[in-house]
$ cat my_file-v1.cif   # mmCIF, C-alpha atoms
data_coords
loop_
_atom_site.label_atom_id
_atom_site.label_comp_id
_atom_site.auth_asym_id
_atom_site.auth_seq_id
_atom_site.Cartn_x
_atom_site.Cartn_y
_atom_site.Cartn_z
CA MET V 1 252.01 141.07 -0.97
CA ASP V 2 249.08 142.67 0.83
CA THR V 3 249.77 146.33 0.06
CA THR V 4 247.00 147.49 2.38
CA SER V 5 248.53 145.59 5.31
CA GLU V 6 252.00 146.88 4.43
CA PHE V 7 250.74 150.46 4.24
CA LYS V 8 249.05 150.08 7.62
CA LYS V 9 252.29 148.81 9.17
CA GLN V 10 254.16 151.78 7.74
CA GLU V 11 251.58 154.19 9.13
CA GLU V 12 251.79 152.56 12.55
CA ALA V 13 255.59 152.91 12.45
CA LYS V 14 255.33 156.68 12.01
CA PRO V 15 255.31 158.70 15.22
CA LYS V 16 252.07 160.60 15.76
CA TRP V 17 253.62 163.86 16.88
CA TRP V 18 250.32 165.73 17.13
CA VAL V 19 249.10 163.18 19.68
CA LEU V 20 252.31 163.62 21.68
CA PHE V 21 251.92 167.41 21.56
CA LEU V 22 248.27 167.40 22.62
CA THR V 23 248.66 164.90 25.45
CA CYS V 24 251.75 166.73 26.68
CA ALA V 25 249.83 170.03 26.57
CA ALA V 26 247.07 168.51 28.72
CA VAL V 27 249.68 167.39 31.26
CA VAL V 28 251.33 170.84 31.21
CA LEU V 29 248.01 172.39 32.21
CA ASP V 30 247.70 169.66 34.84
CA GLY V 31 251.09 170.68 36.26
CA TYR V 32 250.16 174.37 36.17
CA ASP V 33 246.94 173.82 38.10
CA THR V 34 248.57 171.44 40.57
CA VAL V 35 250.88 174.19 41.90
CA ALA V 36 248.52 177.13 41.32
CA LEU V 37 247.30 177.09 44.91
CA GLY V 38 250.80 176.88 46.36
CA VAL V 39 251.79 179.90 44.25
CA SER V 40 248.75 181.85 45.43
CA ILE V 41 248.73 181.04 49.16
CA PRO V 42 250.92 183.95 50.36
CA THR V 43 248.59 186.47 48.70
CA ILE V 44 245.31 184.69 49.59
CA ALA V 45 246.39 184.43 53.23
CA LYS V 46 247.08 188.14 53.29
CA ASP V 47 243.79 189.02 51.59
CA TRP V 48 241.72 186.77 53.86
CA GLY V 49 243.64 187.68 57.02
CA VAL V 50 244.56 184.10 57.96
CA GLN V 51 247.75 182.19 58.56
CA PRO V 52 249.20 180.28 55.57
CA SER V 53 249.03 177.04 57.56
CA PHE V 54 245.21 177.27 57.45
CA PHE V 55 245.43 176.17 53.81
CA THR V 56 246.87 172.76 54.72
CA PRO V 57 243.50 170.96 54.23
CA ALA V 58 243.09 172.48 50.77
CA LEU V 59 246.57 171.40 49.71
CA SER V 60 246.22 167.91 51.17
CA LEU V 61 242.78 167.28 49.72
CA THR V 62 244.00 168.42 46.31
CA SER V 63 246.57 165.64 46.52
CA ALA V 64 243.94 163.24 47.88
CA GLY V 65 241.74 164.03 44.87
CA VAL V 66 244.72 163.42 42.58
CA ALA V 67 245.36 160.07 44.25
CA LEU V 68 241.73 159.00 43.90
CA GLY V 69 241.66 160.13 40.29
CA TYR V 70 244.73 158.07 39.60
CA LEU V 71 243.28 154.97 41.24
CA ALA V 72 240.00 155.34 39.34
CA VAL V 73 241.54 155.93 35.93
CA GLY V 74 242.05 152.22 35.16
CA ARG V 75 238.36 151.41 35.37
CA LEU V 76 237.41 154.62 33.56
CA VAL V 77 239.76 153.85 30.68
CA ALA V 78 238.40 150.31 30.42
CA ARG V 79 234.88 151.71 30.02
CA LEU V 80 235.43 154.97 28.14
CA GLY V 81 238.81 154.73 26.41
CA THR V 82 241.83 156.95 26.95
CA ARG V 83 240.63 159.79 24.69
CA ASN V 84 237.34 160.23 26.53
CA VAL V 85 239.00 160.04 29.91
CA ILE V 86 241.47 162.77 28.92
CA LEU V 87 238.64 165.00 27.70
CA SER V 88 236.50 164.40 30.79
CA ALA V 89 239.40 164.98 33.17
CA VAL V 90 240.35 168.26 31.48
CA VAL V 91 236.73 169.42 31.76
CA VAL V 92 236.69 168.59 35.48
CA PHE V 93 239.85 170.49 36.36
CA THR V 94 238.93 173.38 34.06
CA VAL V 95 235.60 173.91 35.83
CA GLY V 96 237.17 173.29 39.24
CA SER V 97 239.93 175.80 38.59
CA LEU V 98 237.47 178.43 37.36
CA LEU V 99 235.23 178.03 40.41
CA THR V 100 238.27 178.19 42.70
CA ALA V 101 238.76 181.79 41.66
CA TRP V 102 235.40 182.68 43.22
CA SER V 103 235.83 180.80 46.49
CA THR V 104 235.42 183.00 49.56
CA SER V 105 236.37 180.68 52.41
CA ILE V 106 238.84 177.95 53.17
CA VAL V 107 236.01 175.40 53.29
CA GLU V 108 234.84 176.32 49.78
CA LEU V 109 238.42 176.37 48.54
CA THR V 110 239.13 172.93 50.02
CA ILE V 111 236.05 171.32 48.45
CA LEU V 112 236.74 172.83 45.04
CA ARG V 113 240.40 171.81 45.12
CA PHE V 114 239.43 168.22 45.99
CA ILE V 115 237.10 168.09 42.97
CA THR V 116 239.76 169.68 40.80
CA GLY V 117 242.26 167.09 42.03
CA LEU V 118 240.07 164.26 40.73
CA GLY V 119 240.50 165.62 37.22
CA LEU V 120 244.18 166.33 37.69
CA GLY V 121 244.81 162.76 38.85
CA ALA V 122 243.11 161.18 35.85
CA VAL V 123 244.84 163.26 33.18
CA LEU V 124 248.45 162.12 33.57
CA PRO V 125 248.07 158.31 33.41
CA ALA V 126 245.45 158.54 30.65
CA ALA V 127 247.63 160.90 28.61
CA VAL V 128 250.74 158.72 29.02
CA SER V 129 248.76 155.61 28.12
CA HIS V 130 247.19 157.21 25.04
CA ALA V 131 250.41 158.74 23.71
CA THR V 132 252.37 155.51 24.12
CA ALA V 133 249.62 153.24 22.79
CA VAL V 134 249.25 155.02 19.44
CA ASN V 135 252.97 155.51 18.79
CA PRO V 136 255.65 153.00 17.72
CA ALA V 137 256.85 150.64 20.43
CA ARG V 138 260.46 151.75 19.96
CA LEU V 139 259.55 155.27 21.13
CA ARG V 140 257.16 154.48 23.95
CA GLN V 141 259.58 154.76 26.85
CA SER V 142 260.89 158.13 25.65
CA ILE V 143 257.37 159.36 24.90
CA ALA V 144 256.21 158.38 28.40
CA VAL V 145 259.02 160.41 29.97
CA VAL V 146 258.30 163.42 27.71
CA VAL V 147 254.60 163.42 28.60
CA MET V 148 255.33 163.01 32.31
CA THR V 149 257.78 165.92 32.15
CA GLY V 150 254.82 168.11 31.16
CA ILE V 151 254.01 168.32 34.89
CA SER V 152 257.33 170.09 35.46
CA PHE V 153 256.77 172.46 32.54
CA GLY V 154 253.38 173.37 33.97
CA ALA V 155 254.89 174.07 37.38
CA LEU V 156 257.57 176.19 35.69
CA ILE V 157 254.96 178.26 33.83
CA ALA V 158 252.95 178.80 37.01
CA GLY V 159 256.07 179.87 38.88
CA LEU V 160 257.30 182.26 36.19
CA THR V 161 253.94 183.89 35.52
CA GLY V 162 252.42 183.66 39.00
CA SER V 163 254.10 186.73 40.46
CA GLY V 164 253.19 188.89 37.46
CA ILE V 165 249.58 187.66 37.39
CA VAL V 166 249.09 188.15 41.13
CA GLY V 167 250.68 191.59 41.07
CA ALA V 168 248.73 192.84 38.06
CA PHE V 169 245.32 191.20 38.47
CA GLY V 170 245.12 189.41 41.82
CA TRP V 171 245.44 185.77 42.89
CA GLU V 172 242.09 184.83 41.31
CA TRP V 173 243.52 185.24 37.84
CA VAL V 174 246.11 182.54 38.43
CA PHE V 175 243.19 180.10 38.33
CA ILE V 176 241.09 181.96 35.74
CA LEU V 177 243.90 182.05 33.17
CA GLY V 178 244.63 178.36 33.78
CA ALA V 179 240.95 177.58 33.17
CA ILE V 180 240.92 179.68 29.99
CA ALA V 181 243.98 177.85 28.66
CA SER V 182 242.35 174.50 29.40
CA GLY V 183 239.14 175.62 27.71
CA VAL V 184 241.07 176.66 24.61
CA LEU V 185 242.84 173.28 24.51
CA LEU V 186 239.62 171.25 24.77
CA PRO V 187 238.47 171.55 21.13
CA PHE V 188 241.98 170.69 19.94
CA LEU V 189 241.91 167.58 22.12
CA TRP V 190 238.43 166.71 20.85
CA PHE V 191 239.38 166.84 17.18
CA GLY V 192 243.10 166.06 17.44
CA LEU V 193 242.65 162.83 19.36
CA SER V 194 239.51 161.71 17.52
CA GLY V 195 241.43 159.66 14.95
CA SER V 196 243.84 158.12 17.42
CA GLN V 197 241.56 156.31 19.85
CA ALA V 198 243.30 153.36 21.41
CA SER V 199 242.57 150.79 24.02
CA ASP V 200 244.79 151.06 27.03
CA PRO V 201 247.41 148.30 26.98
CA LEU V 202 247.87 148.71 30.71
CA HIS V 203 244.25 147.82 31.43
CA GLU V 204 243.18 145.44 28.69
CA ALA V 205 243.50 142.32 30.87
CA PRO V 206 240.39 140.90 32.50
CA GLU V 207 239.55 142.14 35.99
CA ALA V 208 240.31 138.79 37.59
CA LYS V 209 243.75 138.73 36.05
CA HIS V 210 244.36 142.26 37.32
CA HIS V 211 243.59 141.29 40.90
CA ALA V 212 245.72 138.17 40.58
CA SER V 213 248.67 140.23 39.40
CA VAL V 214 248.29 142.59 42.37
CA ALA V 215 248.50 139.61 44.73
CA ARG V 216 251.60 138.44 42.88
CA LEU V 217 253.42 141.61 43.88
CA PHE V 218 253.88 139.80 47.19
CA ASP V 219 255.20 136.55 45.77
CA ALA V 220 258.31 135.47 47.63
CA SER V 221 260.55 136.35 44.67
CA VAL V 222 259.46 140.02 44.52
CA ARG V 223 257.93 140.81 47.92
CA SER V 224 260.97 142.59 49.33
CA ARG V 225 261.42 144.66 46.17
CA THR V 226 257.75 145.64 46.21
CA LEU V 227 257.89 146.92 49.78
CA LEU V 228 261.18 148.76 49.21
CA LEU V 229 259.93 150.38 46.00
CA TRP V 230 256.67 151.48 47.62
CA ALA V 231 258.52 153.03 50.54
CA PHE V 232 260.95 154.82 48.22
CA SER V 233 258.13 156.21 46.08
CA PHE V 234 256.13 157.34 49.13
CA LEU V 235 259.06 159.19 50.70
CA ILE V 236 260.25 160.95 47.53
CA PHE V 237 256.75 162.09 46.59
CA ALA V 238 256.06 163.29 50.14
CA VAL V 239 259.17 165.49 50.23
CA PHE V 240 258.62 166.86 46.73
CA TYR V 241 255.06 167.89 47.59
CA VAL V 242 256.22 169.65 50.75
CA PHE V 243 258.02 172.06 48.43
CA SER V 244 255.53 171.96 45.57
CA SER V 245 252.85 173.12 48.02
CA TRP V 246 254.75 175.31 50.46
CA LEU V 247 257.92 176.64 48.79
CA PRO V 248 256.45 180.09 47.94
CA THR V 249 255.31 180.41 51.56
CA LEU V 250 258.67 179.24 52.92
CA LEU V 251 260.52 181.73 50.73
CA THR V 252 258.71 184.64 52.36
CA SER V 253 260.72 183.85 55.50
CA TYR V 254 263.87 184.36 53.42
CA GLY V 255 262.74 187.89 52.55
CA PHE V 256 260.85 187.20 49.32
CA SER V 257 257.77 189.35 48.81
CA ALA V 258 254.41 187.67 48.13
CA GLY V 259 254.81 188.72 44.51
CA LEU V 260 258.29 187.20 44.10
CA ALA V 261 257.70 184.03 46.13
CA PRO V 262 256.14 182.14 43.16
CA LEU V 263 259.59 182.18 41.53
CA GLY V 264 260.37 179.33 43.92
CA SER V 265 257.91 177.14 42.04
CA ALA V 266 259.58 178.17 38.79
CA ALA V 267 263.00 177.16 40.16
CA LEU V 268 261.57 173.84 41.31
CA GLY V 269 260.05 173.32 37.85
CA ILE V 270 263.30 174.08 36.02
CA GLY V 271 265.19 171.69 38.26
CA SER V 272 262.51 169.04 37.67
CA ILE V 273 262.92 169.30 33.89
CA VAL V 274 266.70 168.99 34.21
CA GLY V 275 266.16 166.02 36.53
CA ALA V 276 264.09 164.22 33.91
CA GLY V 277 266.91 164.75 31.40
CA VAL V 278 269.49 163.45 33.86
CA LEU V 279 267.35 160.37 34.41
CA ILE V 280 267.07 159.63 30.68
CA VAL V 281 270.79 160.05 30.02
CA GLY V 282 271.96 158.36 33.20
CA SER V 283 269.76 155.29 32.81
CA ARG V 284 271.42 154.54 29.47
CA ARG V 285 274.82 154.17 31.08
CA PHE V 286 274.17 153.06 34.64
CA ARG V 287 271.77 150.89 36.61
CA MET V 288 268.53 152.69 37.37
CA THR V 289 269.03 152.12 41.09
CA SER V 290 272.45 153.78 40.87
CA VAL V 291 270.99 156.78 39.06
CA LEU V 292 268.24 157.14 41.66
CA ALA V 293 270.77 156.88 44.46
CA GLY V 294 272.74 159.66 42.82
CA THR V 295 269.75 161.96 42.34
CA SER V 296 268.65 161.35 45.93
CA ALA V 297 272.12 162.35 47.10
CA VAL V 298 271.86 165.51 44.97
CA ALA V 299 268.55 166.38 46.64
CA ILE V 300 270.02 165.86 50.12
CA THR V 301 273.04 168.02 49.32
CA PHE V 302 270.99 170.94 48.06
CA LEU V 303 268.54 170.68 50.96
CA VAL V 304 271.38 170.93 53.46
CA VAL V 305 272.92 173.87 51.59
CA SER V 306 269.58 175.72 51.44
CA ALA V 307 269.15 175.44 55.21
CA PHE V 308 272.32 177.45 55.81
CA LEU V 309 272.12 180.00 53.04
CA GLY V 310 271.74 183.68 53.72
CA PRO V 311 269.23 186.04 52.09
CA ASP V 312 270.78 185.83 48.60
CA LYS V 313 267.60 185.31 46.54
CA THR V 314 269.29 184.23 43.30
CA LEU V 315 271.40 181.63 45.07
CA LEU V 316 268.37 180.33 46.95
CA LEU V 317 266.44 179.84 43.71
CA LEU V 318 269.38 177.98 42.17
CA VAL V 319 269.65 175.71 45.19
CA PHE V 320 265.94 174.87 45.20
CA GLY V 321 266.26 174.14 41.50
CA GLY V 322 268.79 171.50 42.53
CA VAL V 323 266.28 170.13 45.03
CA GLY V 324 263.72 169.84 42.23
CA LEU V 325 266.26 168.05 40.04
CA GLY V 326 266.95 165.36 42.61
CA LEU V 327 263.37 164.79 43.70
CA GLN V 328 261.69 164.85 40.29
CA ALA V 329 264.19 162.35 38.91
CA GLY V 330 263.30 160.10 41.84
CA MET V 331 259.56 160.40 41.17
CA ILE V 332 259.84 159.51 37.49
CA GLY V 333 262.56 156.96 38.12
CA ALA V 334 260.43 155.03 40.60
CA THR V 335 257.97 154.27 37.80
CA ALA V 336 260.74 153.29 35.39
CA LEU V 337 262.28 151.06 38.05
CA ALA V 338 258.98 149.25 38.60
CA VAL V 339 258.93 148.22 34.94
CA THR V 340 262.19 146.32 35.34
CA LEU V 341 261.49 144.73 38.74
CA TYR V 342 258.55 142.49 37.88
CA PRO V 343 257.68 139.65 35.50
CA GLN V 344 255.54 140.54 32.49
CA ALA V 345 252.24 139.49 34.12
CA THR V 346 252.75 141.85 37.06
CA VAL V 347 254.40 144.85 35.41
CA THR V 348 251.14 146.79 35.10
CA ALA V 349 250.16 146.25 38.73
CA GLY V 350 253.70 146.99 39.88
CA VAL V 351 253.83 150.32 38.07
CA GLY V 352 250.33 151.32 39.13
CA TRP V 353 250.72 150.53 42.80
CA ALA V 354 254.16 152.14 43.07
CA ALA V 355 252.68 155.32 41.61
CA SER V 356 249.67 155.09 43.93
CA LEU V 357 251.91 154.89 46.99
CA GLY V 358 253.72 157.94 45.67
CA ARG V 359 250.41 159.76 45.42
CA LEU V 360 249.73 158.84 49.04
CA GLY V 361 253.00 160.56 49.86
CA SER V 362 251.76 163.64 48.00
CA VAL V 363 248.87 163.79 50.48
CA VAL V 364 251.06 163.42 53.57
CA GLY V 365 253.76 165.87 52.42
CA PRO V 366 251.60 169.03 52.44
CA ILE V 367 250.14 168.05 55.82
CA PHE V 368 253.62 167.63 57.31
CA GLY V 369 254.79 170.98 55.94
CA GLY V 370 251.59 172.74 57.01
CA VAL V 371 251.82 171.45 60.58
CA LEU V 372 255.40 172.68 60.95
CA ILE V 373 254.56 176.07 59.44
CA GLY V 374 251.49 176.31 61.70
CA PHE V 375 253.65 175.79 64.77
CA GLY V 376 256.01 178.53 63.61
CA VAL V 377 258.94 176.17 63.11
CA ASP V 378 262.01 177.84 61.62
CA THR V 379 262.32 177.36 57.85
CA SER V 380 265.86 176.00 58.14
CA PHE V 381 264.65 173.30 60.53
CA ILE V 382 261.81 172.37 58.16
CA VAL V 383 264.24 172.00 55.27
CA LEU V 384 266.66 169.92 57.33
CA SER V 385 263.87 167.72 58.68
CA VAL V 386 262.82 166.63 55.20
CA CYS V 387 266.37 165.47 54.56
CA VAL V 388 265.63 162.50 56.81
CA PRO V 389 263.06 160.80 54.55
CA VAL V 390 265.29 161.44 51.51
CA ILE V 391 268.23 159.79 53.30
CA ILE V 392 266.00 156.81 54.09
CA ALA V 393 264.87 156.70 50.44
CA LEU V 394 268.52 156.70 49.34
CA ALA V 395 269.23 153.73 51.60
CA LEU V 396 266.17 151.88 50.31
CA VAL V 397 267.08 152.23 46.64
CA LEU V 398 270.62 151.04 47.38
CA VAL V 399 269.15 147.91 48.99
CA VAL V 400 266.95 147.38 45.92
CA GLY V 401 270.04 147.63 43.75
CA ARG V 402 271.89 145.13 45.92
CA ILE V 403 268.99 142.66 45.79
CA THR V 404 268.48 142.89 42.04
CA ALA V 405 272.21 142.67 41.33
CA SER V 406 272.55 139.54 43.44
CA ARG V 407 269.54 137.90 41.80
CA ALA V 408 270.74 138.85 38.34
CA SER V 409 274.00 137.01 39.03
CA THR V 410 272.10 133.89 40.13
CA PRO V 411 271.32 131.40 37.32
CA THR V 412 267.58 131.38 36.59
CA PRO V 413 265.79 128.06 35.90
CA THR V 414 264.44 127.87 32.38
CA HIS V 415 260.89 127.28 33.61
CA GLN V 416 260.82 130.44 35.71
CA GLU V 417 258.78 133.28 34.28
CA LYS V 418 260.89 136.17 33.11
CA SER V 419 259.89 139.62 31.91
CA PRO V 420 260.84 140.63 28.37
CA LEU V 421 261.09 144.15 29.75
CA ALA V 422 263.66 143.20 32.35
CA SER V 423 267.01 144.88 32.06
CA PRO V 424 270.33 144.19 33.76
CA ARG V 425 270.49 147.89 34.51
CA THR V 426 268.01 147.87 37.35
#
$ encode --input "my_file-v1.cif" --output "C-alpha cells"
Amino acid sequence: MDTTSEFKKQEEAKPKWWVLFLTCAAVVLDGYDTVALGVSIPTIAKDWGVQPSFFTPALSLTSAGVALGYLAVGRLVARLGTRNVILSAVVVFTVGSLLTAWSTSIVELTILRFITGLGLGAVLPAAVSHATAVNPARLRQSIAVVVMTGISFGALIAGLTGSGIVGAFGWEWVFILGAIASGVLLPFLWFGLSGSQASDPLHEAPEAKHHASVARLFDASVRSRTLLLWAFSFLIFAVFYVFSSWLPTLLTSYGFSAGLAPLGSAALGIGSIVGAGVLIVGSRRFRMTSVLAGTSAVAITFLVVSAFLGPDKTLLLLVFGGVGLGLQAGMIGATALAVTLYPQATVTAGVGWAASLGRLGSVVGPIFGGVLIGFGVDTSFIVLSVCVPVIIALALVLVVGRITASRASTPTPTHQEKSPLASPRT
C-alpha cells in the first residue's frame, strides 16, 4: 500500500477548521461594512444638514460595486487563485472603509462606497469557494452556509455596536473601527491561508465551456425554471436591501433616536442568522421550494404586522427580526435551489447568474426605498408596499416547486443528462 497516498487522503478528509474560521471572519467584516453606511445615515444626515434620502446614490452604488465585484470574481480567481482574491478584496474594502470616514460630501461618500463595494462583492464568493474547496466534500454544503451566514453576523455586530460607537465617538468611527478590524485580520489571512491554496472548482472549466453553459440555462428543459429563479432572487434581494440600507432611518419615524436606530440592523441580523438555521433544518425534511415558500410567508406576515404596530420599540425590533429571518432564508435558499435545478454542466452558471440577479436587486432596493423616503411617504406605506414583491416571489417559488415536482414524476430517458447533485427535495 502507498502509505504516502493513504496519509494524504486522511489529511484531505480532515476538516480545515482554521480555514473555515478565517474565511468566515472575512465575510463577517464584509457584512459589517455592508451595513455600516445604513447604520450611520441618521447621524451623518443630521451632521451634514441634509435629508436622509440624499444618501440613496451612495447606498445604491455600494450595491452596484458589490454586484460588479461578484461578476468579476470568476475571472480574478482563475488568474490569481481564491487566497489572493480574498486578500486583495479585504485590502480594497479596508482602505475604502477607512477613507469613507474622512469623506466630507455626498459625492465623495458615493465614490468611496462604490470602490468599497467592489471589494465587498469579491470577498463572499471567493471565501465560500476557498473554504469549500479545501475541506471534505461531505461538509461542503454546510460549510458554504456557515460562511455565507457571516454576512448576517457582521450586520448584527454593526447593529449592536453602531449606536454606542456613534454616541461615544461619532459616525466616522463606525468605519474606522471596521477598517482596523480588517487590517488586524489581514496578516492572519496571509499566513493562515498560505498552506491551503486551492483552485476554484466553480471556475476551473475553460472559458468556452463557461459561455456554453450560460447559454444552456435557456435550454427548453430548464428555461422556465431559470427565469422563475432569477425573478425570485431579484425580488427577495431587493426587499432585503431596502431594510438593510434604510431600516435605521425608517425606525426614527417610530420614535427611535439616531443613537438607538442602529439596533434595527442588529434585529435584522439576528433574524437573518435564525433564518439560515431554519433553512438548514427545513431543507432536510421538506422540498427546498416548500421551505422558501414558508420563509417568504413569514416575511410577509411580519411586514404586515410591523406596518400596524404602535411605538413599542422592543416589539418593533422583534418583528423586524422576523422580517430578516424570512428574507435571509430566501436569499441563501435561492443559491441552494439553483444547485438542484440544473444538470451538472450548468450548475456553476446557474448558481452564479441567480446570485448576480439577486445582486441587481440589491441595487434597485435602496433606490426604491430612498425615493419613497425622499417623497416623505409614510413608513407604514413603505413597509406594506414591499410586501407586494415578496408575495410575487412566494408565487414564483410555488410555481418552481410545481414544475420540478411534475418533472420529477415523469420518467427520464436514460440518455438524458442528469445532475449528480439533483435532489427530489427541490
$ resolve_selection --input "my_file-v1.cif" --expression "the PyMOL selection byres ((chain V and resi 72-83) around 6)" --output "list in words"
Gly69, Tyr70, Leu71, Asn84, Val85, Ile86, Ala122, Ala126, His130 and Ser199 of chain V
$ write_last_selection --input "my_file-v1.cif" --atoms "C-alpha atoms" --output "PDB file, in the coordinates of the input"
ATOM      1  CA  GLY V  69     241.660 160.130  40.290  1.00  0.00           C
ATOM      2  CA  TYR V  70     244.730 158.070  39.600  1.00  0.00           C
ATOM      3  CA  LEU V  71     243.280 154.970  41.240  1.00  0.00           C
ATOM      4  CA  ASN V  84     237.340 160.230  26.530  1.00  0.00           C
ATOM      5  CA  VAL V  85     239.000 160.040  29.910  1.00  0.00           C
ATOM      6  CA  ILE V  86     241.470 162.770  28.920  1.00  0.00           C
ATOM      7  CA  ALA V 122     243.110 161.180  35.850  1.00  0.00           C
ATOM      8  CA  ALA V 126     245.450 158.540  30.650  1.00  0.00           C
ATOM      9  CA  HIS V 130     247.190 157.210  25.040  1.00  0.00           C
ATOM     10  CA  SER V 199     242.570 150.790  24.020  1.00  0.00           C
TER      11      SER V 199
END
$ closest_atom_pairs --input "my_file-v1.cif" --of "region 325-374 of chain V" --to "region 275-281 of chain V" --cutoff "12 Å" --atoms "only C-alpha atoms" --output "JSON lines"
{"residue": "V:Leu325", "atom": "CA", "partner": "V:Gly275", "partner_atom": "CA", "distance": 4.1}
{"residue": "V:Gly326", "atom": "CA", "partner": "V:Gly275", "partner_atom": "CA", "distance": 6.2}
{"residue": "V:Leu327", "atom": "CA", "partner": "V:Gly275", "partner_atom": "CA", "distance": 7.8}
{"residue": "V:Gln328", "atom": "CA", "partner": "V:Gly275", "partner_atom": "CA", "distance": 6.0}
{"residue": "V:Ala329", "atom": "CA", "partner": "V:Gly275", "partner_atom": "CA", "distance": 4.8}
{"residue": "V:Gly330", "atom": "CA", "partner": "V:Gly275", "partner_atom": "CA", "distance": 8.5}
{"residue": "V:Met331", "atom": "CA", "partner": "V:Ala276", "partner_atom": "CA", "distance": 9.4}
{"residue": "V:Ile332", "atom": "CA", "partner": "V:Ala276", "partner_atom": "CA", "distance": 7.3}
{"residue": "V:Gly333", "atom": "CA", "partner": "V:Leu279", "partner_atom": "CA", "distance": 7.0}
{"residue": "V:Ala334", "atom": "CA", "partner": "V:Leu279", "partner_atom": "CA", "distance": 10.7}
{"residue": "V:Thr335", "atom": "CA", "partner": "V:Leu279", "partner_atom": "CA", "distance": 11.7}
{"residue": "V:Ala336", "atom": "CA", "partner": "V:Leu279", "partner_atom": "CA", "distance": 9.7}
{"residue": "V:Leu337", "atom": "CA", "partner": "V:Leu279", "partner_atom": "CA", "distance": 11.2}
$ resolve_selection --input "my_file-v1.cif" --expression "the PyMOL selection byres ((chain V and resi 235) around 7)" --output "list of chain:residue names"
V:Ala231, V:Phe232, V:Ser233, V:Phe234, V:Ile236, V:Phe237, V:Ala238, V:Val239, V:Gly361, V:Pro389, V:Val390, V:Ala393
$ atom_distance --input "my_file-v1.cif" --atom1 "CA of Phe320 (chain V)" --atom2 "CA of Ala261 (chain V)"
12.4 Å
$ closest_residue --input "my_file-v1.cif" --among "V:Val35, V:Ala354, V:Val134, V:Ala215" --to "Gly269 (chain V)" --atoms "only C-alpha atoms"
V:Val35
$ resolve_selection --input "my_file-v1.cif" --expression "the PyMOL selection byres ((chain V and resi 44) around 12)" --output "NGL selection string"
:V and (36-43 or 45-55 or 100-106 or 109 or 166 or 170-174 or 249 or 258-259)
$ atom_distance --input "my_file-v1.cif" --atom1 "CA of Leu316 (chain V)" --atom2 "CA of Val363 (chain V)"
25.8 Å
$ atom_distance --input "my_file-v1.cif" --atom1 "CA of Gly322 (chain V)" --atom2 "CA of Ala267 (chain V)"
8.4 Å
$ residues_around --input "my_file-v1.cif" --residues "Val298 (chain V)" --least-positions-apart "2" --cutoff "8 Å" --atoms "all atoms listed in the file" --output "PyMOL selection string"
chain V and resi 294-296+300-302+322-323+325-326
$ axis_aligned_box --input "my_file-v1.cif" --around "region 249-268 of chain V" --padding-each-side "3 Å" --output "AutoDock Vina command-line options"
--center_x 259.1 --center_y 181.6 --center_z 47.1 --size_x 15.5 --size_y 21.5 --size_z 22.7
$ residues_around --input "my_file-v1.cif" --residues "region 94-98 of chain V" --least-positions-apart "2" --cutoff "8 Å" --atoms "all atoms listed in the file" --output "list in words"
Asp33, Val90, Val91, Val92, Thr100, Ala101, Trp102, Leu112, Arg113, Ile115, Thr116, Phe175, Ile176, Gly178, Ala179, Ile180, Ser182 and Gly183 of chain V
$ residues_around --input "my_file-v1.cif" --residues "region 156-160 of chain V" --least-positions-apart "4" --cutoff "6 Å" --atoms "only C-alpha atoms" --output "JSON, numbers by chain"
{"V": [32, 262, 263, 265, 266, 269]}
$ residues_around --input "my_file-v1.cif" --residues "region 397-401 of chain V" --least-positions-apart "3" --cutoff "8 Å" --atoms "all atoms listed in the file" --output "list in words"
Arg225, Leu228, Leu229, Phe232, Thr289, Ser290, Leu292, Ala293, Ala393, Leu394, Thr404, Ala405 and Thr426 of chain V
$ write_last_selection --input "my_file-v1.cif" --atoms "C-alpha atoms" --output "compact mmCIF listing (two decimals), keeping the file's coordinate frame"
# COMPACT_ATOMS: atom_id res chain seq x y z
CA ARG V 225 261.42 144.66 46.17
CA LEU V 228 261.18 148.76 49.21
CA LEU V 229 259.93 150.38 46.00
CA PHE V 232 260.95 154.82 48.22
CA THR V 289 269.03 152.12 41.09
CA SER V 290 272.45 153.78 40.87
CA LEU V 292 268.24 157.14 41.66
CA ALA V 293 270.77 156.88 44.46
CA ALA V 393 264.87 156.70 50.44
CA LEU V 394 268.52 156.70 49.34
CA THR V 404 268.48 142.89 42.04
CA ALA V 405 272.21 142.67 41.33
CA THR V 426 268.01 147.87 37.35
$ closest_residue --input "my_file-v1.cif" --among "V:Ser163, V:Ser283, V:Ser362, V:Ser224" --to "Ala64 (chain V)" --atoms "all atoms listed in the file"
V:Ser362
$ build_atoms --input "my_file-v1.cif" --residues "region 332-337 of chain V" --atoms "N, CA, C and O atoms" --output "compact mmCIF listing (two decimals), in the coordinates of the input"
# COMPACT_ATOMS: atom_id res chain seq x y z
N ILE V 332 259.97 160.17 38.79
CA ILE V 332 259.84 159.51 37.49
C ILE V 332 260.57 158.17 37.49
O ILE V 332 260.09 157.17 36.97
N GLY V 333 261.75 158.17 38.11
CA GLY V 333 262.56 156.96 38.12
C GLY V 333 261.93 155.81 38.86
O GLY V 333 262.15 154.64 38.53
N ALA V 334 261.11 156.11 39.86
CA ALA V 334 260.43 155.03 40.60
C ALA V 334 259.52 154.24 39.68
O ALA V 334 259.43 153.01 39.77
N THR V 335 258.84 154.95 38.77
CA THR V 335 257.97 154.27 37.80
C THR V 335 258.80 153.44 36.83
O THR V 335 258.46 152.29 36.53
N ALA V 336 259.88 154.02 36.33
CA ALA V 336 260.74 153.29 35.39
C ALA V 336 261.35 152.07 36.06
O ALA V 336 261.49 151.00 35.43
N LEU V 337 261.70 152.19 37.33
CA LEU V 337 262.28 151.06 38.05
C LEU V 337 261.28 149.93 38.20
O LEU V 337 261.63 148.75 38.08
